[in-house]
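Q: My structure is stored as model_8.pdb, with PDB, C-alpha atoms, pLDDT in the B column.
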ATOM      1  CA  MET W 171      86.722  -3.547 -13.239  1.00 51.00           C
ATOM      2  CA  MET W 172      83.205  -4.642 -12.241  1.00 49.00           C
ATOM      3  CA  GLY W 173      82.550  -1.240 -10.595  1.00 49.00           C
ATOM      4  CA  VAL W 174      83.536   0.629 -13.787  1.00 44.00           C
ATOM      5  CA  LEU W 175      81.271  -1.605 -15.874  1.00 43.00           C
ATOM      6  CA  LYS W 176      78.327  -1.003 -13.501  1.00 46.00           C
ATOM      7  CA  MET W 177      78.991   2.761 -13.669  1.00 46.00           C
ATOM      8  CA  LYS W 178      78.961   2.706 -17.495  1.00 46.00           C
ATOM      9  CA  ILE W 179      75.703   0.712 -17.516  1.00 46.00           C
ATOM     10  CA  LYS W 180      74.119   3.242 -15.118  1.00 48.00           C
ATOM     11  CA  ASN W 181      75.285   6.127 -17.363  1.00 49.00           C
ATOM     12  CA  ILE W 182      73.878   4.398 -20.437  1.00 47.00           C
ATOM     13  CA  ASN W 183      70.538   3.761 -18.638  1.00 49.00           C
ATOM     14  CA  PHE W 184      70.434   7.385 -17.477  1.00 46.00           C
ATOM     15  CA  ASN W 185      71.149   8.656 -21.012  1.00 50.00           C
ATOM     16  CA  ILE W 186      68.446   6.406 -22.487  1.00 49.00           C
ATOM     17  CA  MET W 187      65.873   7.503 -19.899  1.00 50.00           C
ATOM     18  CA  PHE W 188      66.828  11.180 -20.283  1.00 47.00           C
ATOM     19  CA  SER W 189      66.578  10.944 -24.088  1.00 51.00           C
ATOM     20  CA  ALA W 190      63.186   9.250 -23.830  1.00 49.00           C
ATOM     21  CA  LEU W 191      61.976  11.975 -21.453  1.00 48.00           C
ATOM     22  CA  ILE W 192      63.114  14.712 -23.850  1.00 47.00           C
ATOM     23  CA  PHE W 193      61.483  12.886 -26.785  1.00 48.00           C
ATOM     24  CA  PHE W 194      58.118  12.458 -25.038  1.00 49.00           C
ATOM     25  CA  CYS W 195      58.069  16.019 -23.702  1.00 51.00           C
ATOM     26  CA  GLY W 196      58.892  17.282 -27.201  1.00 51.00           C
ATOM     27  CA  CYS W 197      56.067  15.228 -28.689  1.00 48.00           C
ATOM     28  CA  GLU W 198      53.613  16.408 -26.061  1.00 47.00           C
ATOM     29  CA  ASP W 199      54.418  20.061 -26.816  1.00 46.00           C
ATOM     30  CA  LYS W 200      53.943  19.384 -30.508  1.00 43.00           C
ATOM     31  CA  GLU W 201      50.502  17.918 -29.881  1.00 45.00           C
ATOM     32  CA  VAL W 202      49.441  20.971 -27.892  1.00 42.00           C
ATOM     33  CA  ASP W 203      50.717  23.301 -30.625  1.00 41.00           C
ATOM     34  CA  SER W 204      48.901  21.431 -33.388  1.00 41.00           C
ATOM     35  CA  SER W 205      45.620  21.329 -31.455  1.00 39.00           C
ATOM     36  CA  GLU W 206      45.751  25.121 -31.051  1.00 45.00           C
ATOM     37  CA  GLU W 207      45.832  25.417 -34.836  1.00 50.00           C
ATOM     38  CA  LEU W 208      42.577  23.485 -35.206  1.00 56.00           C
ATOM     39  CA  ASN W 209      39.603  25.613 -36.145  1.00 59.00           C
ATOM     40  CA  LEU W 210      36.938  24.607 -33.675  1.00 71.00           C
ATOM     41  CA  GLY W 211      34.249  26.683 -35.368  1.00 84.00           C
ATOM     42  CA  PRO W 212      32.691  30.004 -34.476  1.00 96.00           C
ATOM     43  CA  ILE W 213      32.959  31.506 -31.022  1.00 97.00           C
ATOM     44  CA  SER W 214      29.680  32.269 -29.285  1.00 97.00           C
ATOM     45  CA  VAL W 215      29.432  35.356 -27.076  1.00 98.00           C
ATOM     46  CA  THR W 216      26.709  36.129 -24.558  1.00 97.00           C
ATOM     47  CA  THR W 217      26.852  39.751 -23.463  1.00 97.00           C
ATOM     48  CA  GLY W 218      26.078  41.167 -20.075  1.00 96.00           C
ATOM     49  CA  ASN W 219      22.730  42.862 -19.557  1.00 97.00           C
ATOM     50  CA  VAL W 220      22.800  46.135 -21.499  1.00 97.00           C
ATOM     51  CA  ASN W 221      20.140  47.525 -19.159  1.00 94.00           C
ATOM     52  CA  VAL W 222      22.713  47.335 -16.364  1.00 96.00           C
ATOM     53  CA  SER W 223      25.843  48.477 -18.225  1.00 97.00           C
ATOM     54  CA  ASP W 224      27.250  48.932 -21.732  1.00 98.00           C
ATOM     55  CA  PHE W 225      29.095  45.989 -23.255  1.00 98.00           C
ATOM     56  CA  TYR W 226      32.308  46.342 -25.326  1.00 98.00           C
ATOM     57  CA  PHE W 227      33.977  43.393 -27.033  1.00 98.00           C
ATOM     58  CA  ASP W 228      37.363  42.893 -28.715  1.00 98.00           C
ATOM     59  CA  LEU W 229      37.176  40.217 -31.420  1.00 97.00           C
ATOM     60  CA  ILE W 230      40.952  39.718 -31.498  1.00 95.00           C
ATOM     61  CA  SER W 231      41.376  38.919 -27.797  1.00 96.00           C
ATOM     62  CA  GLY W 232      37.918  37.342 -27.567  1.00 97.00           C
ATOM     63  CA  GLU W 233      37.227  39.253 -24.379  1.00 97.00           C
ATOM     64  CA  GLU W 234      34.982  41.936 -23.003  1.00 98.00           C
ATOM     65  CA  THR W 235      36.836  45.211 -22.733  1.00 97.00           C
ATOM     66  CA  GLU W 236      36.391  48.832 -21.690  1.00 97.00           C
ATOM     67  CA  SER W 237      35.214  51.693 -23.905  1.00 96.00           C
ATOM     68  CA  SER W 238      38.665  53.287 -23.595  1.00 95.00           C
ATOM     69  CA  ASP W 239      40.394  50.124 -24.917  1.00 96.00           C
ATOM     70  CA  LEU W 240      40.306  48.623 -28.415  1.00 93.00           C
ATOM     71  CA  TRP W 241      36.823  47.275 -29.042  1.00 97.00           C
ATOM     72  CA  TRP W 242      35.079  46.072 -32.190  1.00 97.00           C
ATOM     73  CA  ILE W 243      31.457  45.625 -31.120  1.00 98.00           C
ATOM     74  CA  ALA W 244      29.473  47.396 -28.422  1.00 98.00           C
ATOM     75  CA  VAL W 245      25.938  46.913 -27.156  1.00 98.00           C
ATOM     76  CA  LYS W 246      24.567  50.068 -25.563  1.00 97.00           C
ATOM     77  CA  THR W 247      21.227  51.740 -24.982  1.00 96.00           C
ATOM     78  CA  GLU W 248      20.327  55.033 -26.618  1.00 94.00           C
ATOM     79  CA  GLY W 249      17.496  57.460 -27.158  1.00 88.00           C
ATOM     80  CA  ASP W 250      14.594  58.564 -24.989  1.00 87.00           C
ATOM     81  CA  TYR W 251      13.448  55.000 -24.437  1.00 89.00           C
ATOM     82  CA  ASN W 252      16.912  53.508 -23.806  1.00 92.00           C
ATOM     83  CA  MET W 253      16.623  51.153 -26.755  1.00 95.00           C
ATOM     84  CA  PRO W 254      19.449  48.638 -27.124  1.00 97.00           C
ATOM     85  CA  SER W 255      21.686  49.128 -30.151  1.00 97.00           C
ATOM     86  CA  ILE W 256      24.677  47.480 -31.709  1.00 98.00           C
ATOM     87  CA  PHE W 257      27.661  49.729 -32.372  1.00 98.00           C
ATOM     88  CA  PHE W 258      30.686  48.912 -34.510  1.00 98.00           C
ATOM     89  CA  ASN W 259      33.912  50.792 -33.857  1.00 97.00           C
ATOM     90  CA  GLU W 260      34.207  53.636 -36.387  1.00 96.00           C
ATOM     91  CA  ASP W 261      37.713  52.464 -37.416  1.00 95.00           C
ATOM     92  CA  LEU W 262      36.221  49.289 -38.897  1.00 97.00           C
ATOM     93  CA  ASP W 263      34.860  48.548 -42.352  1.00 98.00           C
ATOM     94  CA  VAL W 264      31.550  46.675 -42.067  1.00 98.00           C
ATOM     95  CA  ALA W 265      29.663  44.986 -44.900  1.00 98.00           C
ATOM     96  CA  VAL W 266      26.218  43.395 -44.559  1.00 98.00           C
ATOM     97  CA  TYR W 267      25.220  40.206 -46.367  1.00 98.00           C
ATOM     98  CA  ASP W 268      21.700  38.846 -46.517  1.00 97.00           C
ATOM     99  CA  ASP W 269      22.539  36.272 -49.175  1.00 96.00           C
ATOM    100  CA  LEU W 270      25.495  34.447 -47.592  1.00 97.00           C
ATOM    101  CA  LEU W 271      25.497  31.706 -44.984  1.00 97.00           C
ATOM    102  CA  PHE W 272      27.763  32.273 -41.997  1.00 98.00           C
ATOM    103  CA  GLY W 273      29.570  28.964 -42.549  1.00 97.00           C
ATOM    104  CA  ASP W 274      30.210  29.723 -46.217  1.00 97.00           C
ATOM    105  CA  VAL W 275      32.215  32.916 -45.568  1.00 98.00           C
ATOM    106  CA  THR W 276      35.829  31.710 -45.537  1.00 97.00           C
ATOM    107  CA  GLU W 277      37.542  34.769 -47.002  1.00 97.00           C
ATOM    108  CA  LEU W 278      36.823  38.418 -47.671  1.00 97.00           C
ATOM    109  CA  PRO W 279      33.985  38.336 -50.220  1.00 98.00           C
ATOM    110  CA  SER W 280      34.820  39.835 -53.614  1.00 97.00           C
ATOM    111  CA  THR W 281      31.708  42.012 -53.227  1.00 97.00           C
ATOM    112  CA  PHE W 282      32.879  43.473 -49.914  1.00 98.00           C
ATOM    113  CA  LEU W 283      33.127  47.047 -51.179  1.00 97.00           C
ATOM    114  CA  ASP W 284      29.655  46.786 -52.773  1.00 97.00           C
ATOM    115  CA  HIS W 285      28.137  45.823 -49.401  1.00 98.00           C
ATOM    116  CA  LEU W 286      30.218  48.220 -47.302  1.00 98.00           C
ATOM    117  CA  GLU W 287      28.278  50.541 -44.989  1.00 97.00           C
ATOM    118  CA  THR W 288      30.385  53.611 -44.252  1.00 95.00           C
ATOM    119  CA  ASN W 289      27.815  55.155 -41.908  1.00 97.00           C
ATOM    120  CA  HIS W 290      27.672  52.840 -38.909  1.00 97.00           C
ATOM    121  CA  SER W 291      24.551  54.475 -37.507  1.00 97.00           C
ATOM    122  CA  VAL W 292      22.542  52.311 -39.947  1.00 97.00           C
ATOM    123  CA  PHE W 293      23.109  49.360 -37.586  1.00 97.00           C
ATOM    124  CA  ARG W 294      21.683  51.127 -34.547  1.00 96.00           C
ATOM    125  CA  TYR W 295      18.108  51.632 -33.382  1.00 93.00           C
ATOM    126  CA  GLU W 296      15.875  52.882 -36.234  1.00 92.00           C
ATOM    127  CA  GLY W 297      18.727  52.635 -38.762  1.00 95.00           C
ATOM    128  CA  SER W 298      18.108  51.069 -42.168  1.00 95.00           C
ATOM    129  CA  TYR W 299      20.080  47.952 -41.119  1.00 96.00           C
ATOM    130  CA  GLU W 300      19.226  48.042 -37.405  1.00 97.00           C
ATOM    131  CA  ILE W 301      20.392  44.845 -35.785  1.00 98.00           C
ATOM    132  CA  LEU W 302      18.124  45.008 -32.731  1.00 98.00           C
ATOM    133  CA  SER W 303      14.563  46.232 -33.226  1.00 96.00           C
ATOM    134  CA  TYR W 304      11.476  46.729 -31.130  1.00 94.00           C
ATOM    135  CA  ASN W 305       8.405  44.756 -32.187  1.00 92.00           C
ATOM    136  CA  MET W 306       5.336  46.890 -31.348  1.00 90.00           C
ATOM    137  CA  GLU W 307       2.948  43.925 -31.666  1.00 93.00           C
ATOM    138  CA  ILE W 308       4.544  41.859 -28.921  1.00 92.00           C
ATOM    139  CA  HIS W 309       6.408  44.710 -27.152  1.00 92.00           C
ATOM    140  CA  LYS W 310       9.712  42.941 -27.282  1.00 95.00           C
ATOM    141  CA  VAL W 311      13.209  43.648 -28.634  1.00 96.00           C
ATOM    142  CA  GLY W 312      14.779  41.018 -30.863  1.00 97.00           C
ATOM    143  CA  VAL W 313      17.390  40.494 -33.556  1.00 98.00           C
ATOM    144  CA  THR W 314      15.904  41.969 -36.720  1.00 96.00           C
ATOM    145  CA  TYR W 315      17.572  39.655 -39.224  1.00 96.00           C
ATOM    146  CA  PRO W 316      19.333  36.747 -37.488  1.00 97.00           C
ATOM    147  CA  ASP W 317      20.429  35.310 -40.858  1.00 97.00           C
ATOM    148  CA  TYR W 318      22.459  38.386 -41.839  1.00 98.00           C
ATOM    149  CA  VAL W 319      26.239  38.054 -41.818  1.00 98.00           C
ATOM    150  CA  TYR W 320      28.407  41.058 -41.029  1.00 98.00           C
ATOM    151  CA  VAL W 321      31.920  40.953 -42.461  1.00 98.00           C
ATOM    152  CA  ILE W 322      34.209  43.257 -40.526  1.00 98.00           C
ATOM    153  CA  ARG W 323      37.636  44.377 -41.672  1.00 97.00           C
ATOM    154  CA  TYR W 324      40.164  46.242 -39.589  1.00 95.00           C
ATOM    155  CA  SER W 325      42.753  47.181 -42.196  1.00 88.00           C
ATOM    156  CA  ASP W 326      45.198  48.694 -39.675  1.00 87.00           C
ATOM    157  CA  MET W 327      45.722  45.212 -38.239  1.00 88.00           C
ATOM    158  CA  ASN W 328      44.969  43.230 -41.406  1.00 91.00           C
ATOM    159  CA  LYS W 329      42.186  41.340 -39.604  1.00 96.00           C
ATOM    160  CA  ILE W 330      38.854  40.150 -41.008  1.00 97.00           C
ATOM    161  CA  PHE W 331      35.997  38.632 -39.011  1.00 98.00           C
ATOM    162  CA  LYS W 332      32.490  37.460 -39.732  1.00 98.00           C
ATOM    163  CA  VAL W 333      29.761  38.074 -37.164  1.00 98.00           C
ATOM    164  CA  GLN W 334      26.172  36.921 -36.846  1.00 98.00           C
ATOM    165  CA  PHE W 335      23.748  38.178 -34.217  1.00 98.00           C
ATOM    166  CA  ILE W 336      21.640  35.278 -32.984  1.00 98.00           C
ATOM    167  CA  GLU W 337      19.351  36.422 -30.183  1.00 98.00           C
ATOM    168  CA  TYR W 338      18.396  39.230 -27.843  1.00 98.00           C
ATOM    169  CA  LEU W 339      16.522  38.467 -24.642  1.00 96.00           C
ATOM    170  CA  SER W 340      15.940  40.710 -21.620  1.00 95.00           C
ATOM    171  CA  GLY W 341      18.970  42.909 -22.199  1.00 96.00           C
ATOM    172  CA  VAL W 342      21.352  40.112 -23.220  1.00 98.00           C
ATOM    173  CA  THR W 343      22.621  39.710 -26.777  1.00 98.00           C
ATOM    174  CA  VAL W 344      24.049  36.490 -28.214  1.00 98.00           C
ATOM    175  CA  PHE W 345      26.288  36.577 -31.277  1.00 98.00           C
ATOM    176  CA  GLN W 346      28.808  34.322 -32.937  1.00 98.00           C
ATOM    177  CA  TYR W 347      32.001  35.267 -34.744  1.00 98.00           C
ATOM    178  CA  SER W 348      35.005  33.777 -36.417  1.00 98.00           C
ATOM    179  CA  GLU W 349      38.142  35.091 -38.044  1.00 97.00           C
ATOM    180  CA  VAL W 350      38.105  34.820 -41.819  1.00 95.00           C
TER     181      VAL W 350
END
Can the structure from this file be put into C-alpha cells for me?
A:
Amino acid sequence: MMGVLKMKIKNINFNIMFSALIFFCGCEDKEVDSSEELNLGPISVTTGNVNVSDFYFDLISGEETESSDLWWIAVKTEGDYNMPSIFFNEDLDVAVYDDLLFGDVTELPSTFLDHLETNHSVFRYEGSYEILSYNMEIHKVGVTYPDYVYVIRYSDMNKIFKVQFIEYLSGVTVFQYSEV
C-alpha cells in the first residue's frame, strides 16, 4: 500500500512539474512574439562603397540584394564622371515630400498622388529631385535635401515605406526607412 501511495505522489509531482514547464515555455514564447510586434523605430542602412560596386537593397527583407533579385533602392554610379545616383525600382510609386517630417508619416499621405513622380530619373544625378549632388564649391558629393521624405508604394505587394537619405561620404550612403 505504501509503495502505491509513493508512486501516486511521484506521478502527481511529475504532472505538476510538467505542467509548470509547459506553462513557462508557453509564456516565454508569447513574450518573444509580442516583442517582435514592437515598432523599434526606423531602420538605418549604411551602403557599401558605390565606387567599388553597385548597391541594391530590398526594403521588405531589410537586406542587400542582387540586381537580378527584387530590389527597391539602388545606389550606382553613372555618366562620364561616375557620379553616384539613387535609383528606385521602376515598379514602385515614389512621392517626394519636403513639408513632412519623417516621424510624422504614419500612413500613406492623402496627397500621395499629387506628389508622385512617375519618371524616376528625376532622383538621379542632375535630375530635378536629385538625391545626391556634387557641390562645385567644395568638390564633394552630399545628400541634396536630407530633410526630404520619400514615400514608396509597391502596389503589387500592398507595401508602403518611407525613406529618408541622411548622408553620403566617400562612396557610402546612409538612409533610414520604415514601413508605413
Q: Within 10 Å of (25.6, 43.7, -23.0), in the coordinates the file gives, what residues turn up when you count all atoms listed in the file, written out as a list in words?
A: Thr216, Thr217, Gly218, Asn219, Val220, Asn221, Val222, Ser223, Asp224, Phe225, Tyr226, Phe227, Glu234, Ala244, Val245, Lys246, Thr247, Pro254, Ser255, Ile256, Tyr338, Gly341, Val342, Thr343 and Val344 of chain W
Q: Between CA of Lys310 (chain W) and CA of Tyr347 (chain W), what is the spacing in Å?
A: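 It comes out at 24.7 Å.
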Q: Do you have the CA of Glu307 (chain W)-CA of Phe345 (chain W) distance handy?
A: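 These atoms are spaced 24.5 Å apart.
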Q: Go ahead and compute the interatomic distance for CA of Ser238 (chain W) and CA of Val333 (chain W), in Å to one decimal.
A: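 Spanning CA of Ser238 (chain W) to CA of Val333 (chain W) is a straight-line distance of 22.2 Å.
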Q: Go through the shown structure with the PyMOL selection byres ((chain W and resi 325) around 12) and write out the matching residues as JSON, numbers by chain.
A: {"W": [261, 262, 263, 264, 278, 322, 323, 324, 326, 327, 328, 329, 330, 331]}
Q: With C-alpha atoms kept, could you save the residues just selected as an mmCIF file, in the coordinates of the input?
A:
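What ended up in out.cif:
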data_model
loop_
_atom_site.group_PDB
_atom_site.id
_atom_site.type_symbol
_atom_site.label_atom_id
_atom_site.label_comp_id
_atom_site.auth_asym_id
_atom_site.auth_seq_id
_atom_site.Cartn_x
_atom_site.Cartn_y
_atom_site.Cartn_z
ATOM 1 C CA ASP W 261 37.713 52.464 -37.416
ATOM 2 C CA LEU W 262 36.221 49.289 -38.897
ATOM 3 C CA ASP W 263 34.860 48.548 -42.352
ATOM 4 C CA VAL W 264 31.550 46.675 -42.067
ATOM 5 C CA LEU W 278 36.823 38.418 -47.671
ATOM 6 C CA ILE W 322 34.209 43.257 -40.526
ATOM 7 C CA ARG W 323 37.636 44.377 -41.672
ATOM 8 C CA TYR W 324 40.164 46.242 -39.589
ATOM 9 C CA ASP W 326 45.198 48.694 -39.675
ATOM 10 C CA MET W 327 45.722 45.212 -38.239
ATOM 11 C CA ASN W 328 44.969 43.230 -41.406
ATOM 12 C CA LYS W 329 42.186 41.340 -39.604
ATOM 13 C CA ILE W 330 38.854 40.150 -41.008
ATOM 14 C CA PHE W 331 35.997 38.632 -39.011
#
Q: Counting only C-alpha atoms, which of W:Phe335, W:Tyr295, W:Tyr315, W:Phe257 gets nearest to Asp269 (chain W)?
A: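 Closest to Asp269 (chain W), using only C-alpha atoms: W:Tyr315.
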Q: Could you list as a ChimeraX atom specification every residue that has an atom within 12 Å of (32.7, 46.9, -49.4), using the file's coordinates and counting all atoms listed in the file?
A: /W:262-267,278-288,320-323
Q: Counting only C-alpha atoms, figure out which residue out of W:Leu339, W:Lys332, W:Ser291, W:Met306 gets nearest to Glu248 (chain W).
A: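 Of all the options, W:Ser291 lies closest to Glu248 (chain W).
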Q: Find the residue from W:Glu296, W:Leu210, W:Val215, W:Phe272 that sits nearest to Gly249 (chain W); use only C-alpha atoms when measuring.
A: W:Glu296
